[in-house]
Amino acid sequence: MRLPNIQSILFHLARFVAAFIIAQTLFFKFSGSDESKFIFSTLGMEPWGRYGLAVLESFCVLFLLIPSFVWLGSLISLNLMLGAILSHFVFLGIVVQGDGGLLFFLAIVVFLLSSYLFYIERKKVPYLKEYLG
């Protein structure tokens with residue numbers, strides 16, 4: 001699908017911002033930072049959940065950066081960020097270890113960007129494209 005110029009710029013900006021935010025958190029998950037260990041211990045998923053989600057997020061970043069797989073990267077990140085947002089509401093709280101709500105805010109931003117990306121790319125989703133024309 002050919003997008004108008006401003007929409008194309010917004011699309012690519014959303015891809016790169018979402019990928020950058022997700023990629024930025026990978027270092028902390030893989031290196032076992034105190035904050036990551038605290039979060040996943042609170043969720044009862046330390047260390048396997050931390051590593052597992054880091055691997056999923058790595059694939060997500062990769063798919064967001066490959067133009068023909070943006071739909072898949074956005075779908076994965078939508079689900080991951082929904083889980084993160086729900087975890088904040090149910091288990092962690094908005095502010096985690098004095099971060100001022102930064103992690104929660106970043107999860108909301110990635111969720112919104114991924115929603116936009118998935119909407120734009122919805123006709124590329126196998127099986128779904130049959131129903132969308």
# chains A, B, ... in the order shown; residues from 1 in each chain; ligands from 1
>>> residues_around(residues="Val61 in chain A", least_positions_apart="5", cutoff="12 Å", atoms="only C-alpha atoms", output="PDB file with C-alpha atoms, in the first residue's frame")
ATOM      1  CA  ARG A  15       8.208   1.916  13.686  1.00  0.00           C
ATOM      2  CA  PHE A  16      11.554   3.269  14.750  1.00  0.00           C
ATOM      3  CA  VAL A  17      10.388   4.849  18.013  1.00  0.00           C
ATOM      4  CA  ALA A  18       8.607   1.654  19.097  1.00  0.00           C
ATOM      5  CA  ALA A  19      11.618  -0.476  18.124  1.00  0.00           C
ATOM      6  CA  PHE A  20      14.004   1.889  19.930  1.00  0.00           C
ATOM      7  CA  ILE A  21      11.993   1.884  23.165  1.00  0.00           C
ATOM      8  CA  ILE A  22      11.704  -1.902  23.178  1.00  0.00           C
ATOM      9  CA  ALA A  23      15.375  -2.383  22.254  1.00  0.00           C
ATOM     10  CA  GLN A  24      16.442  -0.032  25.024  1.00  0.00           C
ATOM     11  CA  THR A  25      14.862  -2.287  27.660  1.00  0.00           C
ATOM     12  CA  LEU A  26      16.596  -5.399  26.328  1.00  0.00           C
ATOM     13  CA  ALA A  54      13.635 -10.412  26.268  1.00  0.00           C
ATOM     14  CA  VAL A  55      13.861 -12.958  23.442  1.00  0.00           C
ATOM     15  CA  LEU A  56      10.285 -12.154  22.331  1.00  0.00           C
ATOM     16  CA  ILE A  66      11.814  -5.285   8.453  1.00  0.00           C
ATOM     17  CA  PRO A  67       9.183  -3.507   6.319  1.00  0.00           C
ATOM     18  CA  PHE A  69       6.981  -7.884   8.803  1.00  0.00           C
ATOM     19  CA  VAL A  70       5.882  -4.694  10.563  1.00  0.00           C
ATOM     20  CA  TRP A  71       2.437  -6.242  11.014  1.00  0.00           C
ATOM     21  CA  LEU A  72       3.966  -9.121  12.988  1.00  0.00           C
ATOM     22  CA  GLY A  73       6.228  -6.898  15.083  1.00  0.00           C
ATOM     23  CA  SER A  74       3.327  -4.622  15.924  1.00  0.00           C
ATOM     24  CA  LEU A  75       1.088  -7.580  16.802  1.00  0.00           C
ATOM     25  CA  ILE A  76       3.721  -9.051  19.129  1.00  0.00           C
ATOM     26  CA  SER A  77       4.455  -5.688  20.750  1.00  0.00           C
ATOM     27  CA  LEU A  80       3.627  -7.674  25.165  1.00  0.00           C
ATOM     28  CA  VAL A 110       4.650   1.506  22.581  1.00  0.00           C
ATOM     29  CA  SER A 114       1.879  -0.577  17.857  1.00  0.00           C
TER      30      SER A 114
END
>>> select_by_dssp(residues="range 16-107 of chain A", states="alpha helix (DSSP H)", output="ChimeraX atom specification")
/A:16-31,34-42,48-65,70-87,102-107
>>> closest_residue(among="A:Gly101, A:Phe11, A:Asn5, A:Trp48", to="Tyr119 in chain A", atoms="only C-alpha atoms")
A:Phe11
>>> residues_around(residues="Arg50 in chain A", least_positions_apart="4", cutoff="12 Å", atoms="only C-alpha atoms", output="MDAnalysis selection string")
chainID A and resid 25:46 54:57
>>> atom_distance(atom1="CA of Phe111 in chain A", atom2="CA of Leu13 in chain A")
14.5 Å
